[in-house]
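So this block is input.cif, mmCIF, C-alpha atoms and all ligand atoms:
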data_entry
#
loop_
_atom_site.label_atom_id
_atom_site.label_comp_id
_atom_site.auth_asym_id
_atom_site.auth_seq_id
_atom_site.Cartn_x
_atom_site.Cartn_y
_atom_site.Cartn_z
CA MET X 1 0.00 0.00 0.00
CA SER X 2 1.29 3.49 -0.80
CA SER X 3 2.08 5.76 2.16
CA ASN X 4 0.55 9.07 0.97
CA VAL X 5 3.56 10.81 2.48
CA LYS X 6 4.65 14.00 0.76
CA ALA X 7 7.59 16.18 1.78
CA TRP X 8 8.20 19.81 0.83
CA ARG X 9 11.79 21.07 0.94
CA ALA X 10 12.36 24.83 1.25
CA SER X 11 13.15 27.48 3.83
CA ILE X 12 10.34 27.29 6.37
CA VAL X 13 9.06 29.80 8.90
CA HIS X 14 6.05 29.85 11.20
CA SER X 15 4.86 31.71 14.28
CA LEU X 16 4.83 30.09 17.69
CA ALA X 17 3.28 32.97 19.67
CA ASP X 18 2.49 36.68 19.54
CA PRO X 19 5.72 38.72 19.53
CA ALA X 20 3.90 41.27 21.73
CA GLU X 21 3.62 38.60 24.42
CA VAL X 22 6.83 36.58 24.17
CA GLY X 23 9.23 38.91 22.32
CA LEU X 24 10.43 38.53 18.74
CA ASP X 25 12.99 35.78 19.30
CA ALA X 26 10.61 33.33 20.97
CA SER X 27 7.77 34.08 18.55
CA TYR X 28 8.88 31.96 15.59
CA GLU X 29 10.74 28.93 14.28
CA TYR X 30 12.90 29.13 11.15
CA LEU X 31 14.51 26.31 9.21
CA ALA X 32 16.81 27.60 6.47
CA ASP X 33 16.84 24.20 4.73
CA GLY X 34 13.68 22.66 6.08
CA LEU X 35 11.37 19.79 5.31
CA LEU X 36 7.62 19.84 5.89
CA VAL X 37 6.15 16.34 5.81
CA THR X 38 2.45 15.63 5.28
CA GLU X 39 0.40 12.47 5.29
CA ASN X 40 -3.10 12.79 3.90
CA ASP X 41 -4.54 15.99 5.42
CA ARG X 42 -2.08 16.42 8.33
CA ILE X 43 1.41 17.70 9.06
CA THR X 44 3.42 14.73 10.30
CA GLY X 45 6.93 16.13 10.32
CA LEU X 46 8.79 19.44 10.47
CA GLY X 47 12.54 19.81 10.77
CA TYR X 48 15.83 20.21 8.97
CA ALA X 49 15.95 18.40 5.64
CA ARG X 50 19.19 16.63 6.60
CA ASP X 51 17.48 15.10 9.66
CA LEU X 52 14.13 14.17 8.14
CA LEU X 53 15.00 13.03 4.61
CA PRO X 54 16.49 9.70 5.81
CA THR X 55 13.33 8.95 7.81
CA LEU X 56 10.87 9.17 4.90
CA PRO X 57 9.25 6.05 3.46
CA GLU X 58 10.67 4.97 0.12
CA ASP X 59 7.62 5.98 -1.87
CA ALA X 60 7.37 9.49 -0.34
CA GLU X 61 7.03 12.22 -2.94
CA ILE X 62 9.58 14.99 -2.37
CA VAL X 63 8.93 18.46 -3.79
CA GLU X 64 12.09 20.57 -4.02
CA CYS X 65 11.32 24.30 -3.79
CA PRO X 66 14.49 26.36 -4.30
CA ASN X 67 14.41 30.11 -3.52
CA SER X 68 11.15 29.59 -1.67
CA LEU X 69 9.73 30.14 1.78
CA ILE X 70 7.01 27.94 3.24
CA THR X 71 4.61 29.59 5.70
CA PRO X 72 1.24 28.54 7.10
CA GLY X 73 -1.72 29.33 4.84
CA PHE X 74 -2.94 32.90 5.25
CA ILE X 75 -6.06 33.57 7.30
CA ASP X 76 -8.38 36.41 6.24
CA THR X 77 -10.57 37.32 9.20
CA HIS X 78 -12.94 39.62 7.28
CA ILE X 79 -14.04 39.56 3.65
CA HIS X 80 -17.27 39.83 1.61
CA PHE X 81 -17.54 37.29 -1.21
CA PRO X 82 -20.42 39.09 -3.05
CA GLN X 83 -18.32 42.25 -3.25
CA THR X 84 -15.98 40.54 -5.71
CA ASP X 85 -18.37 42.13 -8.23
CA MET X 86 -17.69 45.73 -7.20
CA ILE X 87 -14.17 45.89 -5.74
CA ALA X 88 -12.51 49.12 -6.94
CA SER X 89 -15.62 51.32 -7.06
CA TYR X 90 -14.76 55.02 -7.12
CA GLY X 91 -15.18 57.97 -4.90
CA GLU X 92 -17.18 57.46 -1.71
CA GLN X 93 -16.79 56.91 2.01
CA LEU X 94 -18.58 54.10 3.82
CA LEU X 95 -22.26 55.05 3.90
CA ASP X 96 -22.51 56.38 0.32
CA TRP X 97 -20.29 53.55 -0.92
CA LEU X 98 -22.76 51.04 0.58
CA ASN X 99 -25.79 52.73 -1.00
CA ASN X 100 -24.28 53.48 -4.41
CA TYR X 101 -22.25 50.35 -5.11
CA THR X 102 -22.56 47.61 -2.48
CA PHE X 103 -26.29 47.15 -2.12
CA PRO X 104 -27.01 47.07 -5.89
CA ALA X 105 -24.25 44.45 -6.36
CA GLU X 106 -25.53 42.31 -3.48
CA LYS X 107 -29.05 42.30 -5.00
CA ARG X 108 -27.88 39.89 -7.70
CA PHE X 109 -27.22 37.13 -5.15
CA ALA X 110 -30.90 36.25 -4.92
CA GLU X 111 -30.05 34.19 -8.04
CA SER X 112 -28.33 30.88 -7.23
CA HIS X 113 -26.70 30.81 -10.62
CA HIS X 114 -24.99 34.13 -10.05
CA ALA X 115 -24.01 33.21 -6.48
CA ASP X 116 -22.47 29.91 -7.70
CA GLN X 117 -20.38 31.67 -10.33
CA VAL X 118 -19.06 34.33 -7.97
CA ALA X 119 -18.35 31.80 -5.18
CA ASP X 120 -16.13 29.93 -7.62
CA THR X 121 -14.28 33.05 -8.77
CA PHE X 122 -13.92 34.24 -5.18
CA LEU X 123 -12.43 30.98 -3.89
CA ASN X 124 -10.03 30.79 -6.82
CA GLU X 125 -8.90 34.30 -5.98
CA LEU X 126 -8.40 33.47 -2.28
CA LEU X 127 -6.32 30.40 -3.15
CA ARG X 128 -4.27 32.27 -5.79
CA ASN X 129 -3.35 34.62 -2.96
CA GLY X 130 -2.45 31.90 -0.48
CA THR X 131 -5.48 32.34 1.76
CA THR X 132 -6.62 28.97 3.08
CA THR X 133 -9.18 30.11 5.68
CA ALA X 134 -11.49 33.12 5.66
CA LEU X 135 -14.35 34.55 7.68
CA VAL X 136 -16.77 35.56 4.95
CA PHE X 137 -19.89 37.73 4.60
CA GLY X 138 -22.58 36.43 2.25
CA THR X 139 -25.61 38.56 1.37
CA VAL X 140 -29.06 38.58 2.92
CA HIS X 141 -30.01 35.71 0.59
CA LYS X 142 -29.73 32.09 1.73
CA ALA X 143 -28.66 31.19 -1.81
CA SER X 144 -25.45 33.17 -1.39
CA VAL X 145 -24.36 31.13 1.62
CA ASP X 146 -25.37 27.81 0.08
CA ALA X 147 -23.32 28.68 -3.00
CA PHE X 148 -20.30 29.63 -0.92
CA PHE X 149 -20.35 26.57 1.33
CA LYS X 150 -20.97 24.22 -1.61
CA ALA X 151 -17.91 25.58 -3.42
CA ALA X 152 -15.76 25.47 -0.25
CA GLU X 153 -16.87 21.92 0.54
CA GLN X 154 -15.92 20.74 -2.94
CA ARG X 155 -12.37 22.01 -2.33
CA ASN X 156 -12.30 20.74 1.29
CA LEU X 157 -11.37 24.20 2.65
CA ARG X 158 -11.69 25.37 6.25
CA MET X 159 -14.07 28.30 5.80
CA ILE X 160 -16.58 30.31 7.82
CA CYS X 161 -19.57 32.13 6.32
CA GLY X 162 -23.00 33.47 7.20
CA LYS X 163 -26.10 35.09 5.79
CA VAL X 164 -26.37 38.84 6.35
CA MET X 165 -29.10 39.86 8.80
CA MET X 166 -30.44 43.31 7.89
CA ASP X 167 -33.95 44.52 8.71
CA ARG X 168 -33.73 48.31 8.47
CA ASN X 169 -31.96 51.25 6.83
CA ALA X 170 -31.32 49.33 3.60
CA PRO X 171 -33.26 48.92 0.33
CA ASP X 172 -36.38 46.73 0.48
CA TYR X 173 -34.85 44.27 -1.94
CA LEU X 174 -32.10 43.48 0.60
CA THR X 175 -33.96 43.42 3.90
CA ASP X 176 -35.28 40.53 5.95
CA THR X 177 -37.10 40.69 9.30
CA ALA X 178 -35.99 39.72 12.78
CA GLU X 179 -38.04 36.55 12.49
CA SER X 180 -37.15 35.57 8.91
CA SER X 181 -33.45 36.23 9.55
CA TYR X 182 -33.61 33.94 12.56
CA ASP X 183 -35.39 31.20 10.59
CA ASP X 184 -33.12 31.48 7.53
CA SER X 185 -29.93 31.55 9.60
CA ARG X 186 -31.13 28.56 11.57
CA GLU X 187 -31.80 26.59 8.41
CA LEU X 188 -28.30 27.36 7.13
CA ILE X 189 -26.73 26.48 10.50
CA GLU X 190 -28.47 23.10 10.43
CA ARG X 191 -27.25 22.51 6.88
CA TRP X 192 -23.64 23.68 7.15
CA HIS X 193 -22.30 24.39 10.65
CA ASN X 194 -19.45 22.01 11.51
CA LYS X 195 -20.05 20.02 8.32
CA GLY X 196 -16.56 18.85 7.34
CA ARG X 197 -14.31 21.90 7.63
CA LEU X 198 -17.11 24.48 7.49
CA HIS X 199 -18.45 26.72 10.25
CA TYR X 200 -21.32 29.18 10.45
CA ALA X 201 -21.11 32.84 11.50
CA VAL X 202 -24.23 34.69 12.64
CA THR X 203 -23.85 37.88 10.58
CA PRO X 204 -25.80 41.04 11.43
CA ARG X 205 -24.32 43.53 8.91
CA PHE X 206 -23.74 46.33 11.44
CA ALA X 207 -25.72 48.03 14.17
CA PRO X 208 -27.41 50.61 11.88
CA THR X 209 -29.07 47.94 9.72
CA SER X 210 -30.37 45.71 12.52
CA SER X 211 -33.25 46.51 14.86
CA PRO X 212 -32.82 45.64 18.54
CA GLU X 213 -35.21 42.72 17.87
CA GLN X 214 -32.91 41.39 15.17
CA LEU X 215 -29.84 41.69 17.40
CA ASN X 216 -31.76 39.71 20.01
CA ALA X 217 -32.53 37.05 17.39
CA ALA X 218 -28.80 36.86 16.59
CA ALA X 219 -28.01 36.34 20.28
CA ARG X 220 -30.70 33.67 20.53
CA LEU X 221 -28.97 31.70 17.75
CA LEU X 222 -25.60 32.01 19.52
CA GLY X 223 -27.21 30.51 22.61
CA GLU X 224 -28.83 27.63 20.74
CA TYR X 225 -25.81 26.14 18.93
CA PRO X 226 -22.29 25.58 20.21
CA ASP X 227 -19.28 27.25 18.59
CA LEU X 228 -21.13 29.62 16.29
CA TYR X 229 -19.29 32.76 15.25
CA LEU X 230 -20.64 36.29 15.46
CA HIS X 231 -19.35 38.42 12.58
CA THR X 232 -20.12 42.11 12.09
CA HIS X 233 -18.64 45.60 11.64
CA LEU X 234 -17.67 47.99 14.42
CA SER X 235 -16.68 51.63 14.60
CA GLU X 236 -15.31 52.02 11.07
CA ASN X 237 -16.36 55.51 10.00
CA SER X 238 -17.08 58.67 12.04
CA GLN X 239 -20.51 59.30 10.50
CA GLU X 240 -21.43 55.68 11.11
CA CYS X 241 -20.43 56.04 14.79
CA GLU X 242 -22.66 59.11 15.19
CA TRP X 243 -25.52 57.24 13.55
CA VAL X 244 -25.16 54.32 15.95
CA GLN X 245 -25.25 56.69 18.92
CA ALA X 246 -28.52 58.16 17.58
CA LEU X 247 -30.06 54.74 16.89
CA PHE X 248 -29.01 53.24 20.25
CA PRO X 249 -29.23 56.23 22.63
CA ASP X 250 -28.94 54.01 25.70
CA SER X 251 -25.62 52.51 24.67
CA LYS X 252 -22.43 53.83 26.30
CA ASN X 253 -20.51 53.52 23.04
CA TYR X 254 -20.69 51.66 19.69
CA LEU X 255 -19.53 48.32 21.08
CA ASP X 256 -22.07 48.61 23.88
CA ALA X 257 -24.91 48.49 21.34
CA TYR X 258 -23.78 44.91 20.58
CA ASP X 259 -22.92 44.17 24.21
CA GLN X 260 -26.40 45.12 25.42
CA HIS X 261 -27.72 42.46 23.05
CA ASN X 262 -25.29 39.78 24.31
CA LEU X 263 -23.24 39.55 21.13
CA LEU X 264 -19.74 39.64 22.64
CA THR X 265 -18.31 36.13 22.81
CA GLU X 266 -15.01 34.31 22.33
CA ARG X 267 -16.08 33.70 18.76
CA SER X 268 -17.16 37.27 17.99
CA VAL X 269 -15.14 39.02 15.29
CA PHE X 270 -15.62 42.75 14.75
CA ALA X 271 -14.22 44.30 11.57
CA HIS X 272 -12.30 47.60 11.84
CA GLY X 273 -12.57 49.11 15.35
CA ILE X 274 -10.98 52.36 14.19
CA HIS X 275 -12.64 54.78 16.62
CA LEU X 276 -12.69 52.76 19.85
CA CYS X 277 -12.23 54.14 23.35
CA ASP X 278 -10.28 52.41 26.13
CA GLN X 279 -13.51 51.06 27.64
CA GLU X 280 -14.33 49.32 24.37
CA PHE X 281 -10.86 47.78 24.09
CA LYS X 282 -11.18 46.56 27.66
CA ARG X 283 -14.57 45.01 27.02
CA LEU X 284 -13.27 43.27 23.87
CA HIS X 285 -10.46 41.81 25.96
CA ASP X 286 -12.72 40.76 28.83
CA THR X 287 -15.11 38.91 26.50
CA GLY X 288 -12.37 37.31 24.36
CA SER X 289 -13.74 38.99 21.22
CA ALA X 290 -11.48 39.80 18.28
CA ILE X 291 -10.89 42.66 15.85
CA ALA X 292 -10.22 42.22 12.14
CA PHE X 293 -7.65 44.84 11.09
CA CYS X 294 -8.39 45.79 7.47
CA PRO X 295 -5.88 48.43 6.36
CA THR X 296 -6.47 48.44 2.58
CA SER X 297 -10.16 49.04 3.22
CA ASN X 298 -9.50 51.67 5.89
CA PHE X 299 -7.32 53.63 3.46
CA PHE X 300 -9.64 53.10 0.50
CA LEU X 301 -12.76 54.38 2.28
CA GLY X 302 -10.83 57.04 4.18
CA SER X 303 -12.02 55.51 7.45
CA GLY X 304 -8.91 56.05 9.56
CA LEU X 305 -6.06 54.15 11.17
CA PHE X 306 -6.45 51.11 13.42
CA ASN X 307 -4.49 51.50 16.66
CA LEU X 308 -2.74 48.12 16.86
CA PRO X 309 -0.44 49.12 19.76
CA LYS X 310 -3.54 50.00 21.80
CA ALA X 311 -5.06 46.59 21.02
CA GLU X 312 -1.79 44.97 22.14
CA GLU X 313 -1.79 47.01 25.34
CA HIS X 314 -5.29 45.70 26.10
CA LYS X 315 -4.41 42.17 24.93
CA VAL X 316 -7.24 42.10 22.40
CA ASN X 317 -7.06 39.34 19.78
CA VAL X 318 -6.41 40.81 16.34
CA GLY X 319 -6.50 39.14 12.94
CA LEU X 320 -5.90 40.60 9.51
CA GLY X 321 -8.74 41.19 7.03
CA THR X 322 -8.80 42.23 3.40
CA ASP X 323 -12.42 43.43 3.59
CA VAL X 324 -12.82 43.02 -0.18
CA GLY X 325 -14.61 44.88 -1.83
CA ALA X 326 -13.83 47.97 0.27
CA GLY X 327 -10.41 46.35 0.54
CA THR X 328 -8.43 46.68 -2.65
CA SER X 329 -6.61 43.35 -2.73
CA PHE X 330 -7.21 39.68 -1.94
CA SER X 331 -3.54 39.41 -1.04
CA LEU X 332 -2.65 39.32 2.65
CA LEU X 333 0.92 40.19 1.60
CA GLN X 334 -0.39 43.43 0.09
CA THR X 335 -2.59 43.90 3.15
CA LEU X 336 0.52 43.68 5.34
CA ASN X 337 2.18 46.26 3.13
CA GLU X 338 -0.66 48.67 3.93
CA ALA X 339 -0.71 47.63 7.59
CA TYR X 340 2.94 48.66 7.83
CA LYS X 341 2.07 52.09 6.41
CA ALA X 342 -0.89 52.46 8.79
CA MET X 343 1.56 51.93 11.67
CA GLN X 344 4.10 54.37 10.18
CA LEU X 345 1.45 57.09 10.10
CA GLN X 346 0.94 56.55 13.84
CA GLY X 347 4.65 56.66 14.65
CA ALA X 348 4.69 52.91 15.31
CA LYS X 349 6.46 49.96 13.72
CA LEU X 350 5.14 46.69 12.38
CA HIS X 351 7.91 44.11 12.52
CA PRO X 352 7.79 41.44 9.78
CA LEU X 353 7.55 38.70 12.40
CA LYS X 354 4.50 40.41 13.91
CA SER X 355 3.10 40.69 10.38
CA LEU X 356 3.64 36.97 9.83
CA TYR X 357 1.83 36.33 13.12
CA LEU X 358 -1.13 38.53 12.17
CA ALA X 359 -1.59 36.79 8.81
CA THR X 360 -1.37 33.27 10.25
CA LEU X 361 -1.41 32.23 13.93
CA GLY X 362 -2.94 35.53 15.10
CA GLY X 363 -5.84 35.03 12.69
CA ALA X 364 -6.22 31.43 13.84
CA LYS X 365 -6.34 32.57 17.48
CA ALA X 366 -8.89 35.29 16.66
CA LEU X 367 -11.04 32.55 15.10
CA ARG X 368 -10.32 30.05 17.91
CA LEU X 369 -8.92 27.62 15.34
CA ASP X 370 -5.31 27.68 16.54
CA ASP X 371 -5.52 24.05 17.65
CA ARG X 372 -5.95 23.09 13.96
CA ILE X 373 -4.41 25.79 11.72
CA GLY X 374 -2.19 28.86 11.84
CA SER X 375 1.19 27.16 12.35
CA LEU X 376 3.11 24.20 10.98
CA ALA X 377 3.26 22.20 14.21
CA VAL X 378 3.08 18.43 13.80
CA GLY X 379 -0.53 17.28 14.09
CA LYS X 380 -2.03 20.41 12.56
CA GLU X 381 -3.97 20.41 9.32
CA ALA X 382 -1.73 20.65 6.27
CA ASP X 383 -2.72 24.18 5.18
CA PHE X 384 0.33 26.08 3.94
CA VAL X 385 1.81 28.13 1.12
CA VAL X 386 5.04 27.98 -0.81
CA LEU X 387 6.16 31.56 -1.50
CA ASP X 388 8.49 32.28 -4.41
CA CYS X 389 11.14 34.73 -3.20
CA GLU X 390 12.02 35.62 -6.82
CA SER X 391 8.50 36.08 -8.13
CA THR X 392 9.16 39.28 -10.09
CA PRO X 393 12.34 40.76 -11.58
CA LEU X 394 12.33 43.47 -8.92
CA MET X 395 11.83 41.02 -6.05
CA LYS X 396 14.60 38.79 -7.41
CA HIS X 397 16.93 41.78 -7.66
CA ARG X 398 16.11 43.03 -4.16
CA MET X 399 16.41 39.58 -2.55
CA GLN X 400 20.12 39.44 -3.46
CA TYR X 401 20.68 41.98 -0.73
CA ALA X 402 18.30 40.50 1.85
CA GLU X 403 20.60 38.72 4.27
CA THR X 404 18.37 37.88 7.22
CA LEU X 405 15.00 36.18 7.56
CA ASP X 406 13.48 39.47 8.77
CA GLU X 407 14.67 41.22 5.62
CA LYS X 408 13.42 38.46 3.33
CA LEU X 409 10.02 38.45 4.99
CA PHE X 410 9.78 42.22 4.79
CA VAL X 411 10.65 42.28 1.08
CA LEU X 412 8.03 39.58 0.43
CA MET X 413 5.45 41.64 2.31
CA MET X 414 6.29 44.92 0.59
CA LEU X 415 6.78 43.62 -2.97
CA GLY X 416 4.77 40.38 -2.94
CA ASP X 417 1.25 39.64 -4.12
CA ASP X 418 -0.49 36.74 -5.87
CA ARG X 419 2.56 36.28 -8.10
CA ALA X 420 4.59 35.28 -5.04
CA VAL X 421 2.30 32.37 -4.22
CA ARG X 422 3.81 29.37 -6.01
CA TYR X 423 1.60 26.70 -4.38
CA THR X 424 -1.31 26.77 -1.97
CA ILE X 425 -1.96 23.54 -0.07
CA SER X 426 -5.14 22.87 1.89
CA ALA X 427 -5.68 19.68 3.91
CA GLY X 428 -2.67 18.24 2.10
CA ASN X 429 -4.08 18.92 -1.39
CA VAL X 430 -2.49 21.33 -3.85
CA VAL X 431 -5.42 23.71 -4.40
CA HIS X 432 -3.42 26.29 -6.37
CA ASP X 433 -0.37 25.79 -8.57
CA ARG X 434 0.66 29.13 -10.07
CA ASP X 435 2.57 27.64 -12.97
CA MET X 436 -0.05 25.16 -14.15
N1 LIG Z 1 -20.32 48.29 7.23
C1 LIG Z 1 -21.51 47.75 6.93
N2 LIG Z 1 -21.46 47.03 5.80
C2 LIG Z 1 -20.20 47.11 5.35
C3 LIG Z 1 -19.54 46.58 4.20
O1 LIG Z 1 -20.10 45.87 3.39
N3 LIG Z 1 -18.22 46.91 4.09
C4 LIG Z 1 -17.57 47.69 4.99
N4 LIG Z 1 -16.28 47.97 4.81
N5 LIG Z 1 -18.18 48.21 6.06
C5 LIG Z 1 -19.48 47.92 6.24
ZN ZN Z 2 -16.61 44.49 5.74
#
Will you turn the file into structure tokens for me?
Ligand code: GUN
Ligand code: ZN
Amino acid sequence: MSSNVKAWRASIVHSLADPAEVGLDASYEYLADGLLVTENDRITGLGYARDLLPTLPEDAEIVECPNSLITPGFIDTHIHFPQTDMIASYGEQLLDWLNNYTFPAEKRFAESHHADQVADTFLNELLRNGTTTALVFGTVHKASVDAFFKAAEQRNLRMICGKVMMDRNAPDYLTDTAESSYDDSRELIERWHNKGRLHYAVTPRFAPTSSPEQLNAAARLLGEYPDLYLHTHLSENSQECEWVQALFPDSKNYLDAYDQHNLLTERSVFAHGIHLCDQEFKRLHDTGSAIAFCPTSNFFLGSGLFNLPKAEEHKVNVGLGTDVGAGTSFSLLQTLNEAYKAMQLQGAKLHPLKSLYLATLGGAKALRLDDRIGSLAVGKEADFVVLDCESTPLMKHRMQYAETLDEKLFVLMMLGDDRAVRYTISAGNVVHDRDM
């Protein structure tokens, strides 16, 4: 019988912990000439090639990857699959952008045929960019979520998605009711939650588009099923924040509008969190909730700068999000490029090892999936990427002068994009091969 053992030889790096907690040196493991061994869907070996090569079974397939760096698959903690249709739409900040571009595009997802096509394009794009897990918004339509999960299941990807709940302040063609959103979400949870590698996220769009009754319905779902996610937006744009204060006059702050409806849990992920006060950071920490930091979106919509050092000070879990289609790239490498600039504008630094953490293990921790993904520890699911350190003429030129791992990583993050992703592997399967 064949062994199904496959070994990938390259430089290998992965995070072991948050540099903010353990310091840079203890935060990672690096193997200059490493071997990553998989058997079926799992990682079964990680070490120096010279040590592990002699231990492989005779029929093991060995993939030599010169000038490459293997990292865990990237984890996108906030993205909208229906917005693949209107990424790069000109000229507006959040609220006008939603009305002028987003809502009309999302209308089309009432049609299964359209949803199926976009789900396919969207997943191809994620995998081309090395993203193996994402927390994904659908639309208000059940068909959008069925299409997404069907496509993810076919590829055996670890993915999280949910139907948007939205019962006010949006066009009629995109609204549900507190009751119908509860019923529809419940039906989708029964169909998809914890099926294979899939998980469900209860997804009220944001406080302005959900009545208090609908937020209560969302909380009821969280109480009825174990391990559900809560996925929404928080404190992204100043006008939005003022609107929330007017709609929820009894809330102490934006986050409190969700808190008063019992939506802060260990599996709650809030996108953005640009305009948070200390009290909100503290409450996020105390409830184990996470923030998705989405710099390309925050720049694109002119929303502001996320205060990562403040989140670290309060020990709030943070993952990285592209937030396509307000985000301008599916690439978490490009997203890290913009994250670096967001820190520069605040007089702070974003070390490449912290960036690696945010895109991998930090995202896994934010999603409470760090026992399965996010690093290359033996026993974890075989979700990883092979990055080509010479993916463009400029990158190849610049890499000649990159002497340390930190430098190499930084160049990859500043100059890299989908072209740098040579292979994407999910559950041991090659799900993207750039050169095929
Ligand atoms: N807030 C409410 N809906 C959205 C959305 O679709 N994108 C972004 N960036 N913010 C939102
Ligand atoms: Zn978003």
Check which residues fall inside 7 Å of ligand LIG 1 (chain Z) when counting all atoms listed in the file, and print them as a ChimeraX atom specification. /X:80,94,98,102,205-206,233,236,297,323,326
Per-residue nearest contacts region 283-333 of chain X to region 242-257 of chain X, cut-off 12 Å, using all atoms listed in the file, as CSV:
residue,atom,partner,partner_atom,distance
X:Arg283,CA,X:Leu255,CA,8.4
X:Leu284,CA,X:Leu255,CA,8.5
X:Thr287,CA,X:Leu255,CA,11.7
X:Ser289,CA,X:Leu255,CA,11.0
X:Ile291,CA,X:Leu255,CA,11.6
Preceding selection exported with C-alpha atoms as a PDB file, in the coordinates of the input:
ATOM      1  CA  ARG X 283     -14.570  45.010  27.020  1.00  0.00           C
ATOM      2  CA  LEU X 284     -13.270  43.270  23.870  1.00  0.00           C
ATOM      3  CA  THR X 287     -15.110  38.910  26.500  1.00  0.00           C
ATOM      4  CA  SER X 289     -13.740  38.990  21.220  1.00  0.00           C
ATOM      5  CA  ILE X 291     -10.890  42.660  15.850  1.00  0.00           C
TER       6      ILE X 291
END
What is the distance between CA of Ala219 (chain X) and CA of Gln260 (chain X), in Å to one decimal?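 CA of Gln260 (chain X) lies at a distance of 10.3 Å from CA of Ala219 (chain X).
If only C-alpha atoms and all ligand atoms are the atoms counted, then among X:Gly379, X:Gly362, X:Gly428, X:Gly321 the closest residue to ligand ZN 2 (chain Z) is X:Gly321.
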Protein, DNA and RNA residues within 12 Å of (-14.6, 48.7, -8.6), only C-alpha atoms, as a short mmCIF file (atom, residue, chain, number, x, y, z; two decimals) with C-alpha atoms, keeping the file's coordinate frame:
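Here's the written file point-v8.cif:
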data_model
loop_
_atom_site.label_atom_id
_atom_site.label_comp_id
_atom_site.auth_asym_id
_atom_site.auth_seq_id
_atom_site.Cartn_x
_atom_site.Cartn_y
_atom_site.Cartn_z
CA GLN X 83 -18.32 42.25 -3.25
CA THR X 84 -15.98 40.54 -5.71
CA ASP X 85 -18.37 42.13 -8.23
CA MET X 86 -17.69 45.73 -7.20
CA ILE X 87 -14.17 45.89 -5.74
CA ALA X 88 -12.51 49.12 -6.94
CA SER X 89 -15.62 51.32 -7.06
CA TYR X 90 -14.76 55.02 -7.12
CA GLY X 91 -15.18 57.97 -4.90
CA GLU X 92 -17.18 57.46 -1.71
CA TRP X 97 -20.29 53.55 -0.92
CA ASN X 100 -24.28 53.48 -4.41
CA TYR X 101 -22.25 50.35 -5.11
CA THR X 102 -22.56 47.61 -2.48
CA ALA X 105 -24.25 44.45 -6.36
CA PHE X 300 -9.64 53.10 0.50
CA VAL X 324 -12.82 43.02 -0.18
CA GLY X 325 -14.61 44.88 -1.83
CA ALA X 326 -13.83 47.97 0.27
CA GLY X 327 -10.41 46.35 0.54
CA THR X 328 -8.43 46.68 -2.65
CA SER X 329 -6.61 43.35 -2.73
#
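Those residues that approach Gly288 (chain X) to within 12 Å, counting only C-alpha atoms, are X:Leu263, X:Leu264, X:Thr265, X:Glu266, X:Arg267, X:Ser268, X:Val269, X:Phe270, X:Phe281, X:Lys282, X:His314, X:Lys315, X:Val316, X:Asn317, X:Val318, X:Lys365, X:Ala366, X:Leu367, X:Arg368; same-chain residues fewer than 6 positions away are not listed.
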Neighbouring residues of region 169-173 of chain X were defined as those with any atom within 10 Å, considering only C-alpha atoms; residues of the same chain fewer than 3 positions away were excluded. Please report them as a PDB file with C-alpha atoms, keeping the file's coordinate frame.
ATOM      1  CA  LEU X  98     -22.760  51.040   0.580  1.00  0.00           C
ATOM      2  CA  ASN X  99     -25.790  52.730  -1.000  1.00  0.00           C
ATOM      3  CA  PHE X 103     -26.290  47.150  -2.120  1.00  0.00           C
ATOM      4  CA  PRO X 104     -27.010  47.070  -5.890  1.00  0.00           C
ATOM      5  CA  GLU X 106     -25.530  42.310  -3.480  1.00  0.00           C
ATOM      6  CA  LYS X 107     -29.050  42.300  -5.000  1.00  0.00           C
ATOM      7  CA  ALA X 110     -30.900  36.250  -4.920  1.00  0.00           C
ATOM      8  CA  VAL X 140     -29.060  38.580   2.920  1.00  0.00           C
ATOM      9  CA  MET X 166     -30.440  43.310   7.890  1.00  0.00           C
ATOM     10  CA  ASP X 176     -35.280  40.530   5.950  1.00  0.00           C
ATOM     11  CA  PRO X 208     -27.410  50.610  11.880  1.00  0.00           C
ATOM     12  CA  THR X 209     -29.070  47.940   9.720  1.00  0.00           C
ATOM     13  CA  SER X 210     -30.370  45.710  12.520  1.00  0.00           C
ATOM     14  CA  SER X 211     -33.250  46.510  14.860  1.00  0.00           C
TER      15      SER X 211
END
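With all atoms listed in the file as the atoms that count, the residue of X:Leu301, X:Ala342, X:Cys241, X:Cys65 with the shortest distance to ligand ZN 2 (chain Z) is X:Leu301.
Of the listed residues X:His351, X:Lys150, X:His231, X:Lys195, the one whose atoms come nearest to ligand ZN 2 (chain Z) is X:His231, with distances taken using all atoms listed in the file.
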Ranking X:Gly374, X:Pro295, X:Gly416, X:Pro72 by minimum distance to ligand ZN 2 (chain Z) and counting all atoms listed in the file, which one comes first? X:Pro295
Show me the residues around (-8.3, 24.9, 5.1) - criterion: an atom at most 7 Å away, all atoms listed in the file counted - as a PDB file with C-alpha atoms, keeping the file's coordinate frame.
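The result, stored in out-v2.pdb:
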ATOM      1  CA  THR X 132      -6.620  28.970   3.080  1.00  0.00           C
ATOM      2  CA  THR X 133      -9.180  30.110   5.680  1.00  0.00           C
ATOM      3  CA  ASN X 156     -12.300  20.740   1.290  1.00  0.00           C
ATOM      4  CA  LEU X 157     -11.370  24.200   2.650  1.00  0.00           C
ATOM      5  CA  ARG X 158     -11.690  25.370   6.250  1.00  0.00           C
ATOM      6  CA  MET X 159     -14.070  28.300   5.800  1.00  0.00           C
ATOM      7  CA  ASP X 383      -2.720  24.180   5.180  1.00  0.00           C
ATOM      8  CA  SER X 426      -5.140  22.870   1.890  1.00  0.00           C
ATOM      9  CA  ALA X 427      -5.680  19.680   3.910  1.00  0.00           C
TER      10      ALA X 427
END
